[in-house]
file query-v5.txt (compact mmCIF, C-alpha atoms)
# COMPACT_ATOMS: atom_id res chain seq x y z
CA MET A 937 21.23 8.45 -6.54
CA SER A 938 19.88 8.00 -10.04
CA SER A 939 17.82 4.93 -10.64
CA SER A 940 16.64 2.89 -13.57
CA PHE A 941 13.44 2.47 -11.59
CA ASP A 942 12.63 6.08 -10.98
CA GLN A 943 9.27 6.17 -9.35
CA ILE A 944 6.32 7.68 -11.14
CA ILE A 945 3.25 9.23 -9.68
CA VAL A 946 0.61 9.76 -12.32
CA SER A 947 -2.55 11.65 -11.61
CA GLU A 948 -4.77 14.01 -13.46
CA GLU A 949 -4.08 17.29 -11.79
CA TRP A 950 -2.90 16.82 -8.23
CA GLU A 951 0.45 17.93 -6.89
CA SER A 952 2.75 15.00 -7.50
CA THR A 953 5.00 15.85 -4.55
CA ASP A 954 2.13 15.58 -2.08
CA LEU A 955 0.83 12.42 -3.66
CA SER A 956 4.25 10.85 -3.67
CA MET A 957 4.52 11.41 0.05
CA LEU A 958 1.00 10.14 0.70
CA GLU A 959 1.53 7.05 -1.38
CA THR A 960 4.82 6.36 0.37
CA LEU A 961 3.21 6.67 3.78
CA ASP A 962 0.31 4.48 2.68
CA HIS A 963 2.72 1.72 1.69
CA VAL A 964 5.14 1.99 4.60
CA LEU A 965 2.56 2.38 7.37
CA ASN A 966 -0.14 0.00 6.20
CA ARG A 967 1.67 -2.83 4.46
CA GLY A 968 4.72 -5.05 4.68
CA LEU A 969 5.88 -7.98 6.75
CA VAL A 970 4.71 -7.91 10.34
CA ILE A 971 6.46 -9.80 13.08
CA ALA A 972 3.34 -10.60 15.06
CA GLY A 973 3.33 -11.24 18.76
CA GLU A 974 5.87 -8.57 19.65
CA ILE A 975 4.53 -6.05 22.15
CA THR A 976 6.38 -3.18 20.53
CA ILE A 977 4.83 -3.94 17.18
CA SER A 978 1.34 -4.49 18.54
CA VAL A 979 1.36 -1.16 20.33
CA ALA A 980 2.83 0.55 17.29
CA ASP A 981 0.19 -0.95 15.03
CA ILE A 982 -2.61 0.90 16.80
CA ASP A 983 -1.01 4.23 16.02
CA LEU A 984 -0.03 3.20 12.54
CA ILE A 985 -3.53 2.15 11.59
CA PHE A 986 -4.91 5.44 12.87
CA ILE A 987 -2.34 7.49 11.00
CA GLY A 988 -2.74 5.40 7.88
CA LEU A 989 -6.46 6.06 7.83
CA ASN A 990 -5.87 9.77 8.25
CA VAL A 991 -3.47 9.74 5.33
CA LEU A 992 -6.05 8.02 3.20
CA VAL A 993 -8.83 10.38 4.19
CA SER A 994 -6.57 13.37 3.60
CA SER A 995 -5.63 12.20 0.14
CA VAL A 996 -9.26 11.64 -0.84
CA GLU A 997 -10.33 14.98 0.58
CA THR A 998 -7.54 16.72 -1.31
CA ALA A 999 -8.64 15.01 -4.48
CA ASN A 1000 -12.23 16.06 -4.02
CA GLU A 1001 -11.28 19.63 -3.32
CA VAL A 1002 -9.47 19.74 -6.64
CA LEU A 1003 -12.47 18.22 -8.36
CA ARG A 1004 -14.83 20.78 -6.84
CA LYS A 1005 -12.60 23.63 -7.97
CA ARG A 1006 -12.45 22.26 -11.46
CA GLN A 1007 -16.24 21.95 -11.67
CA THR A 1008 -16.75 25.57 -10.63
CA GLU A 1009 -14.27 26.93 -13.15
CA MET B 823 20.19 -3.13 22.06
CA LYS B 824 17.42 -3.68 19.53
CA LEU B 825 17.39 -3.80 15.78
CA TYR B 826 15.21 -1.76 13.49
CA ALA B 827 14.40 -4.00 10.50
CA TYR B 828 13.79 -2.55 7.04
CA CYS B 829 13.52 -5.50 4.69
CA LEU B 830 14.61 -9.01 3.81
CA VAL B 831 16.75 -9.64 0.74
CA GLU B 832 17.91 -12.78 -1.04
CA ASP B 833 20.95 -11.19 -2.64
CA PRO B 834 23.35 -9.55 -0.16
CA ASP B 835 25.23 -7.91 -3.04
CA ALA B 836 22.22 -5.69 -3.64
CA PHE B 837 23.04 -3.78 -0.47
CA ASP B 838 25.02 -0.55 -0.70
CA ALA B 839 26.99 -0.01 2.51
CA SER B 840 26.70 3.77 2.14
CA THR B 841 22.93 3.59 2.64
CA ARG B 842 21.64 5.65 5.56
CA GLY B 843 18.55 4.73 7.54
CA ILE B 844 16.29 6.21 10.23
CA SER B 845 17.66 9.62 11.29
CA GLY B 846 20.76 9.07 9.19
CA ALA B 847 21.78 5.94 11.09
CA THR B 848 24.09 3.33 9.60
CA VAL B 849 22.37 0.42 7.90
CA ARG B 850 24.02 -2.98 7.99
CA LEU B 851 23.34 -6.40 6.59
CA LEU B 852 22.52 -9.20 9.01
CA GLN B 853 22.84 -12.64 7.46
CA ILE B 854 20.37 -15.19 8.82
CA ASP B 855 20.45 -18.60 7.21
CA GLU B 856 20.24 -18.05 3.44
CA LEU B 857 18.53 -14.68 3.82
CA ALA B 858 19.77 -11.25 4.81
CA VAL B 859 18.05 -8.43 6.69
CA LEU B 860 18.80 -4.73 6.39
CA VAL B 861 18.89 -3.42 9.95
CA THR B 862 19.95 -0.46 12.05
CA ASP B 863 21.16 -0.80 15.64
CA PHE B 864 18.60 0.96 17.80
CA ASN B 865 18.93 2.03 21.43
CA ALA B 866 15.31 2.95 22.19
CA ASP B 867 12.30 0.71 22.82
CA THR B 868 9.98 2.59 20.50
CA ILE B 869 10.31 4.55 17.30
CA ALA B 870 8.48 7.78 16.64
CA VAL B 871 5.93 7.66 13.85
CA THR B 872 7.01 10.75 11.97
CA ARG B 873 6.95 11.60 8.31
CA GLU B 874 10.76 11.76 8.25
CA ASN B 875 11.19 8.34 9.85
CA ALA B 876 8.63 6.77 7.54
CA LEU B 877 10.33 8.25 4.48
CA ASP B 878 13.73 7.08 5.76
CA HIS B 879 12.33 3.57 6.07
CA ALA B 880 10.98 3.73 2.52
CA ALA B 881 14.31 5.01 1.17
CA VAL B 882 16.27 2.09 2.63
CA VAL B 883 13.87 -0.49 1.22
CA ARG B 884 13.91 1.26 -2.11
CA SER B 885 17.71 1.39 -2.22
CA VAL B 886 17.94 -2.28 -3.15
CA LEU B 887 15.03 -2.33 -5.60
CA ASP B 888 17.18 -1.73 -8.67
CA ARG B 889 19.12 -4.91 -8.07
CA THR B 890 16.73 -7.24 -6.29
CA THR B 891 13.15 -7.52 -5.06
CA PRO B 892 13.06 -7.23 -1.26
CA LEU B 893 10.37 -8.28 1.21
CA PRO B 894 9.74 -5.06 3.16
CA PHE B 895 8.96 -5.01 6.85
CA ARG B 896 6.23 -2.68 8.01
CA PHE B 897 7.40 0.58 9.52
CA GLY B 898 8.10 0.23 13.24
CA THR B 899 9.56 -3.28 13.26
CA LEU B 900 11.81 -3.10 16.30
CA VAL B 901 13.10 -6.43 17.61
CA THR B 902 16.05 -8.09 19.28
CA GLU B 903 18.46 -9.99 17.11
CA GLN B 904 17.30 -13.22 18.73
CA GLN B 905 13.66 -12.44 17.91
CA LEU B 906 14.59 -11.68 14.32
CA ARG B 907 16.58 -14.89 13.99
CA SER B 908 13.73 -16.92 15.50
CA TYR B 909 11.20 -15.29 13.21
CA ILE B 910 13.18 -16.04 10.07
CA SER B 911 14.27 -19.53 11.07
CA ALA B 912 10.74 -20.54 12.02
CA ARG B 913 9.24 -19.20 8.79
CA LYS B 914 11.99 -19.85 6.31
CA PRO B 915 9.92 -22.04 3.93
CA ALA B 916 7.08 -19.49 3.88
CA LEU B 917 9.49 -16.61 3.33
CA GLN B 918 11.22 -18.44 0.50
CA THR B 919 7.82 -19.07 -1.07
CA ARG B 920 7.10 -15.34 -0.79
CA PHE B 921 10.42 -14.51 -2.41
CA ALA B 922 9.70 -16.90 -5.26
CA HIS B 923 6.33 -15.20 -5.75
CA VAL B 924 7.68 -11.64 -5.98
CA ARG B 925 11.06 -12.39 -7.58
CA GLY B 926 11.68 -10.21 -10.63
CA CYS B 927 8.62 -8.11 -9.93
CA VAL B 928 7.65 -4.71 -8.55
CA GLU B 929 4.38 -3.40 -7.20
CA MET B 930 2.25 -0.89 -9.07
CA SER B 931 -0.54 0.93 -7.28
CA VAL B 932 -3.89 2.11 -8.63
CA LYS B 933 -6.46 4.09 -6.71
CA VAL B 934 -9.84 4.94 -8.24
CA ILE B 935 -11.90 7.83 -6.95
CA ARG B 936 -15.48 8.32 -8.00
CA GLU B 937 -17.96 11.10 -7.48
CA LEU B 938 -21.36 9.94 -6.25
CA SER B 939 -23.94 9.91 -9.00
CA ASP B 940 -26.44 12.80 -9.08
CA GLU B 941 -29.31 10.39 -8.49
CA ILE B 942 -27.81 9.01 -5.28
CA LYS B 943 -26.89 12.44 -3.98
CA THR B 944 -30.41 13.77 -4.63
CA GLN B 945 -32.02 10.81 -2.91
CA SER B 946 -29.91 11.17 0.18
CA ARG B 947 -30.93 14.79 0.59
CA ASP B 948 -34.67 14.09 0.68
CA GLU B 949 -36.33 15.17 3.88
CA ILE B 950 -37.93 12.55 6.11
CA THR B 951 -41.30 13.83 7.31
CA THR B 952 -43.55 10.78 7.74
CA GLY B 953 -43.31 7.07 8.46
CA THR B 954 -43.92 6.31 4.82
CA SER B 955 -41.19 8.65 3.67
CA PHE B 956 -38.88 7.13 6.29
CA LEU B 957 -39.45 3.67 4.82
CA GLU B 958 -39.05 5.01 1.30
CA GLU B 959 -35.81 6.64 2.34
CA LYS B 960 -34.57 3.37 3.83
CA ARG B 961 -35.50 1.58 0.62
CA ARG B 962 -33.58 4.13 -1.41
CA GLU B 963 -30.58 3.75 0.88
CA ILE B 964 -30.54 0.00 0.36
CA LEU B 965 -30.97 0.34 -3.40
CA GLY B 966 -28.28 3.02 -3.47
CA SER B 967 -25.92 0.80 -1.52
CA GLU B 968 -26.55 -2.08 -3.90
CA GLN B 969 -25.99 0.19 -6.85
CA LYS B 970 -22.70 1.48 -5.47
CA THR B 971 -21.53 -2.06 -4.76
CA ALA B 972 -22.42 -3.10 -8.30
CA GLU B 973 -20.55 -0.09 -9.68
CA ALA B 974 -17.48 -0.89 -7.60
CA ARG B 975 -17.53 -4.50 -8.74
CA GLU B 976 -17.83 -3.37 -12.34
CA ILE B 977 -14.79 -1.12 -11.93
CA GLU B 978 -12.85 -3.96 -10.33
CA THR B 979 -13.70 -6.31 -13.20
CA TRP B 980 -12.95 -3.68 -15.82
CA LEU B 981 -9.56 -2.85 -14.30
CA HIS B 982 -8.62 -6.51 -14.12
CA GLU B 983 -9.53 -6.95 -17.77
CA GLN B 984 -7.24 -4.06 -18.70
CA VAL B 985 -4.11 -5.37 -16.96
CA GLY B 986 -4.85 -9.02 -16.26
CA GLY B 987 -2.40 -10.31 -18.86
CA LEU B 988 0.42 -8.19 -17.48
CA ILE B 989 0.27 -8.97 -13.77
CA ARG B 990 1.41 -11.93 -11.70
CA ASP B 991 -0.86 -11.16 -8.76
CA GLU B 992 -3.15 -8.47 -7.41
CA GLN B 993 -4.57 -7.26 -4.12
CA VAL B 994 -7.80 -5.33 -4.55
CA THR B 995 -9.83 -3.56 -1.92
CA ILE B 996 -13.19 -2.11 -2.89
CA ARG B 997 -15.06 0.39 -0.76
CA PRO B 998 -18.43 0.82 -2.46
CA SER B 999 -19.71 3.41 0.00
CA GLU B 1000 -16.63 5.61 -0.08
CA LYS B 1001 -15.23 8.10 -2.52
CA LEU B 1002 -12.04 6.11 -2.84
CA VAL B 1003 -13.93 3.27 -4.39
CA LEU B 1004 -11.06 0.94 -5.21
CA ALA B 1005 -7.43 0.47 -4.25
CA ALA B 1006 -5.45 -2.11 -6.19
CA ALA B 1007 -1.88 -3.31 -5.96
CA HIS B 1008 -0.55 -5.14 -8.99
CA LEU B 1009 2.52 -7.37 -8.96
CA VAL B 1010 4.19 -6.72 -12.31
CA GLU B 1011 7.28 -8.35 -13.80
CA ARG B 1012 9.97 -5.78 -14.41
CA ASP B 1013 10.14 -6.28 -18.15
CA LYS B 1014 6.40 -5.66 -18.43
CA ILE B 1015 6.32 -2.32 -16.65
CA GLY B 1016 6.41 -0.38 -19.93
CA GLN B 1017 3.45 -2.30 -21.28
CA TYR B 1018 1.63 -1.89 -17.99
CA LYS B 1019 2.07 1.88 -18.03
CA GLU B 1020 0.88 2.12 -21.61
CA LYS B 1021 -2.12 -0.06 -20.93
CA THR B 1022 -3.22 1.82 -17.84
CA ALA B 1023 -2.70 5.20 -19.50
CA ALA B 1024 -4.92 4.15 -22.39
CA ALA B 1025 -7.51 2.60 -20.10
CA ARG B 1026 -7.79 5.74 -18.02
CA LYS B 1027 -8.91 7.71 -21.06
CA ASN B 1028 -11.81 5.32 -21.59
CA ARG B 1029 -13.30 6.08 -18.18
CA PRO B 1030 -13.58 9.88 -17.98
CA GLU B 1031 -16.14 9.61 -15.16
CA LEU B 1032 -13.47 8.13 -12.86
CA HIS B 1033 -10.36 9.69 -11.38
CA PHE B 1034 -7.18 7.67 -11.13
CA LEU B 1035 -4.00 7.75 -9.12
CA PHE B 1036 -1.28 5.51 -10.46
CA SER B 1037 2.03 5.13 -8.69
CA GLY B 1038 5.06 2.89 -8.77
CA PRO B 1039 7.22 0.95 -9.09
CA TRP B 1040 7.21 0.07 -5.39
CA PRO B 1041 8.86 -2.71 -3.47
CA PRO B 1042 6.16 -5.35 -3.02
CA TYR B 1043 4.77 -4.06 0.28
CA SER B 1044 1.31 -5.45 -0.49
CA PHE B 1045 2.61 -8.91 -1.32
CA ALA B 1046 5.10 -9.42 1.51
CA ASN B 1047 2.95 -10.80 4.28
CA ILE B 1048 2.85 -14.47 4.91
CA GLU B 1049 -0.66 -15.82 4.65
CA LEU B 1050 -2.33 -16.82 7.88
CA GLU B 1051 0.38 -15.15 9.95
CA PHE B 1052 -2.24 -13.71 12.27
CA LYS B 1053 -4.10 -16.99 12.57
CA THR B 1054 -0.84 -18.79 13.26
CA GLN B 1055 0.10 -16.41 16.02
CA PHE B 1056 -3.22 -16.00 17.75
CA GLY B 1057 -5.31 -18.96 16.68
CA VAL B 1058 -7.98 -16.68 15.25
CA SER B 1059 -10.09 -18.09 12.47
call {"tool": "encode", "arguments": {"input": "query-v5.txt", "output": "structure tokens"}}
result
Amino acid sequence: MSSSFDQIIVSEEWESTDLSMLETLDHVLNRGLVIAGEITISVADIDLIFIGLNVLVSSVETANEVLRKRQTE
Amino acid sequence: MKLYAYCLVEDPDAFDASTRGISGATVRLLQIDELAVLVTDFNADTIAVTRENALDHAAVVRSVLDRTTPLPFRFGTLVTEQQLRSYISARKPALQTRFAHVRGCVEMSVKVIRELSDEIKTQSRDEITTGTSFLEEKRREILGSEQKTAEAREIETWLHEQVGGLIRDEQVTIRPSEKLVLAAAHLVERDKIGQYKEKTAAARKNRPELHFLFSGPWPPYSFANIELEFKTQFGVS
């Protein structure tokens, strides 16, 4: 579906497809309304926080790898 | 039978009935008081945290963004209809306040990545051979930490100065000791997105020592939560 709000991912040199996915996961897994007090959600949150952190670390590590390559070129 | 909840909307007409949700499931609109929730009927007690499911969640929330600004639920919100009704009825004033805050806006995301300065990297590699050098190393660590915090604060202030006139609200997290030094979410009115993009593009060129990741527009994930929700639920202060 075309959209007047087509999403943009702007970076210097990283693969926009990967970043789009990482940014989406960062938003969906780490943010948003939480119905607190529900056991299902509390249990899920433990996993989500863990995965969210991994996503963040992965994105930073990917970024740094690109930077290292650029410096050696 | 449980419900998987995607987001709250004020305007039911923003919903497209052809929208598909988690694993291609049908999405329907559940009207609760003056608000509506996009939900999928769900037969399991848990939902798998997979890339596909997370992206499906994001797609449903995003499907209404052209026509209205939703309040997204976090991925994994699986409740009974009664629980959902109780949640909304009990927090209706707070939710309406949230809607008023984000109405007409979208979220823009900025992440700033910084390489450690040569001075800090050199200091941290020094060998520790004596008690004196140990204390000197500790002193350098403290000074380095203070320097990184000051640098992060400076970046935070600088970024705010660049976009401050174009945003309604912001959520900023600084991590002075990490490579991802700053993550900011900006709440931007829709008619100011063009200006925002121009401003951030120009600003980026003025800081060649930093690396930026801009993304958006997003539904306002970072501005959806009701303040003090955790304290209200658990009495934690």
call {"tool": "atom_distance", "arguments": {"input": "query-v5.txt", "atom1": "CA of Ser956 (chain A)", "atom2": "CA of Ser1037 (chain B)"}}
result
7.9 Å
call {"tool": "atom_distance", "arguments": {"input": "query-v5.txt", "atom1": "CA of Thr979 (chain B)", "atom2": "CA of Val994 (chain B)"}}
result
10.5 Å
call {"tool": "closest_atom_pairs", "arguments": {"input": "query-v5.txt", "of": "chain B", "to": "chain A", "cutoff": "8 Å", "atoms": "all atoms listed in the file", "output": "JSON lines"}}
result
{"residue": "B:Asp867", "atom": "CA", "partner": "A:Thr976", "partner_atom": "CA", "distance": 7.4}
{"residue": "B:Thr868", "atom": "CA", "partner": "A:Thr976", "partner_atom": "CA", "distance": 6.8}
{"residue": "B:Val871", "atom": "CA", "partner": "A:Leu984", "partner_atom": "CA", "distance": 7.6}
{"residue": "B:Arg873", "atom": "CA", "partner": "A:Leu961", "partner_atom": "CA", "distance": 7.7}
{"residue": "B:Ala876", "atom": "CA", "partner": "A:Leu961", "partner_atom": "CA", "distance": 6.6}
{"residue": "B:Leu877", "atom": "CA", "partner": "A:Thr960", "partner_atom": "CA", "distance": 7.1}
{"residue": "B:His879", "atom": "CA", "partner": "A:Val964", "partner_atom": "CA", "distance": 7.5}
{"residue": "B:Ala880", "atom": "CA", "partner": "A:Val964", "partner_atom": "CA", "distance": 6.4}
{"residue": "B:Leu887", "atom": "CA", "partner": "A:Phe941", "partner_atom": "CA", "distance": 7.8}
{"residue": "B:Asp888", "atom": "CA", "partner": "A:Phe941", "partner_atom": "CA", "distance": 6.3}
{"residue": "B:Leu893", "atom": "CA", "partner": "A:Leu969", "partner_atom": "CA", "distance": 7.1}
{"residue": "B:Pro894", "atom": "CA", "partner": "A:Gly968", "partner_atom": "CA", "distance": 5.2}
{"residue": "B:Phe895", "atom": "CA", "partner": "A:Leu969", "partner_atom": "CA", "distance": 4.3}
{"residue": "B:Arg896", "atom": "CA", "partner": "A:Gly968", "partner_atom": "CA", "distance": 4.4}
{"residue": "B:Phe897", "atom": "CA", "partner": "A:Leu965", "partner_atom": "CA", "distance": 5.6}
{"residue": "B:Gly898", "atom": "CA", "partner": "A:Ile977", "partner_atom": "CA", "distance": 6.6}
{"residue": "B:Thr899", "atom": "CA", "partner": "A:Ile977", "partner_atom": "CA", "distance": 6.2}
{"residue": "B:Leu900", "atom": "CA", "partner": "A:Thr976", "partner_atom": "CA", "distance": 6.9}
{"residue": "B:Val901", "atom": "CA", "partner": "A:Glu974", "partner_atom": "CA", "distance": 7.8}
{"residue": "B:Tyr909", "atom": "CA", "partner": "A:Ile971", "partner_atom": "CA", "distance": 7.3}
{"residue": "B:Ile935", "atom": "CA", "partner": "A:Val996", "partner_atom": "CA", "distance": 7.7}
{"residue": "B:Lys1001", "atom": "CA", "partner": "A:Val996", "partner_atom": "CA", "distance": 7.1}
{"residue": "B:Leu1002", "atom": "CA", "partner": "A:Val996", "partner_atom": "CA", "distance": 6.5}
{"residue": "B:His1033", "atom": "CA", "partner": "A:Glu948", "partner_atom": "CA", "distance": 7.4}
{"residue": "B:Phe1034", "atom": "CA", "partner": "A:Ser947", "partner_atom": "CA", "distance": 6.1}
{"residue": "B:Leu1035", "atom": "CA", "partner": "A:Ser947", "partner_atom": "CA", "distance": 4.8}
{"residue": "B:Phe1036", "atom": "CA", "partner": "A:Val946", "partner_atom": "CA", "distance": 5.0}
{"residue": "B:Ser1037", "atom": "CA", "partner": "A:Ile945", "partner_atom": "CA", "distance": 4.4}
{"residue": "B:Gly1038", "atom": "CA", "partner": "A:Gln943", "partner_atom": "CA", "distance": 5.4}
{"residue": "B:Pro1039", "atom": "CA", "partner": "A:Gln943", "partner_atom": "CA", "distance": 5.6}
{"residue": "B:Trp1040", "atom": "CA", "partner": "A:Gln943", "partner_atom": "CA", "distance": 7.6}
{"residue": "B:Pro1042", "atom": "CA", "partner": "A:Gly968", "partner_atom": "CA", "distance": 7.8}
{"residue": "B:Tyr1043", "atom": "CA", "partner": "A:Gly968", "partner_atom": "CA", "distance": 4.5}
{"residue": "B:Ser1044", "atom": "CA", "partner": "A:Arg967", "partner_atom": "CA", "distance": 5.6}
{"residue": "B:Phe1045", "atom": "CA", "partner": "A:Gly968", "partner_atom": "CA", "distance": 7.4}
{"residue": "B:Ala1046", "atom": "CA", "partner": "A:Gly968", "partner_atom": "CA", "distance": 5.4}
{"residue": "B:Asn1047", "atom": "CA", "partner": "A:Leu969", "partner_atom": "CA", "distance": 4.8}
{"residue": "B:Ile1048", "atom": "CA", "partner": "A:Leu969", "partner_atom": "CA", "distance": 7.4}
{"residue": "B:Glu1051", "atom": "CA", "partner": "A:Ala972", "partner_atom": "CA", "distance": 7.5}
{"residue": "B:Phe1052", "atom": "CA", "partner": "A:Ala972", "partner_atom": "CA", "distance": 7.0}
{"residue": "B:Gln1055", "atom": "CA", "partner": "A:Gly973", "partner_atom": "CA", "distance": 6.7}
call {"tool": "closest_residue", "arguments": {"input": "query-v5.txt", "among": "B:Lys914, B:Lys1027, B:His1008, B:Arg907", "to": "Glu929 (chain B)", "atoms": "only C-alpha atoms"}}
result
B:His1008
call {"tool": "closest_residue", "arguments": {"input": "query-v5.txt", "among": "B:Leu988, B:Leu860, B:Leu981, B:Leu1009", "to": "Thr841 (chain B)", "atoms": "only C-alpha atoms"}}
result
B:Leu860
call {"tool": "atom_distance", "arguments": {"input": "query-v5.txt", "atom1": "CA of Ala1024 (chain B)", "atom2": "CA of Ala1007 (chain B)"}}
result
18.3 Å
call {"tool": "residues_near_point", "arguments": {"input": "query-v5.txt", "point": "(15.8, 10.4, 9.5)", "cutoff": "10 Å", "atoms": "only C-alpha atoms", "output": "list in words"}}
result
Arg842, Gly843, Ile844, Ser845, Gly846, Ala847, Thr872, Arg873, Glu874, Asn875, Ala876, Leu877, Asp878 and His879 of chain B
call {"tool": "write_last_selection", "arguments": {"input": "query-v5.txt", "atoms": "C-alpha atoms", "output": "tab-separated table (two decimals), in the frame of the given file"}}
result
chain	number	residue	atom	x	y	z
B	842	ARG	CA	21.64	5.65	5.56
B	843	GLY	CA	18.55	4.73	7.54
B	844	ILE	CA	16.29	6.21	10.23
B	845	SER	CA	17.66	9.62	11.29
B	846	GLY	CA	20.76	9.07	9.19
B	847	ALA	CA	21.78	5.94	11.09
B	872	THR	CA	7.01	10.75	11.97
B	873	ARG	CA	6.95	11.60	8.31
B	874	GLU	CA	10.76	11.76	8.25
B	875	ASN	CA	11.19	8.34	9.85
B	876	ALA	CA	8.63	6.77	7.54
B	877	LEU	CA	10.33	8.25	4.48
B	878	ASP	CA	13.73	7.08	5.76
B	879	HIS	CA	12.33	3.57	6.07
call {"tool": "residues_around", "arguments": {"input": "query-v5.txt", "residues": "Phe864 (chain B)", "least_positions_apart": "5", "cutoff": "8 Å", "atoms": "only C-alpha atoms", "output": "list in words"}}
result
Met823, Lys824, Leu825 and Tyr826 of chain B
call {"tool": "write_last_selection", "arguments": {"input": "query-v5.txt", "atoms": "C-alpha atoms", "output": "tab-separated table (two decimals), keeping the file's coordinate frame"}}
result
chain	number	residue	atom	x	y	z
B	823	MET	CA	20.19	-3.13	22.06
B	824	LYS	CA	17.42	-3.68	19.53
B	825	LEU	CA	17.39	-3.80	15.78
B	826	TYR	CA	15.21	-1.76	13.49
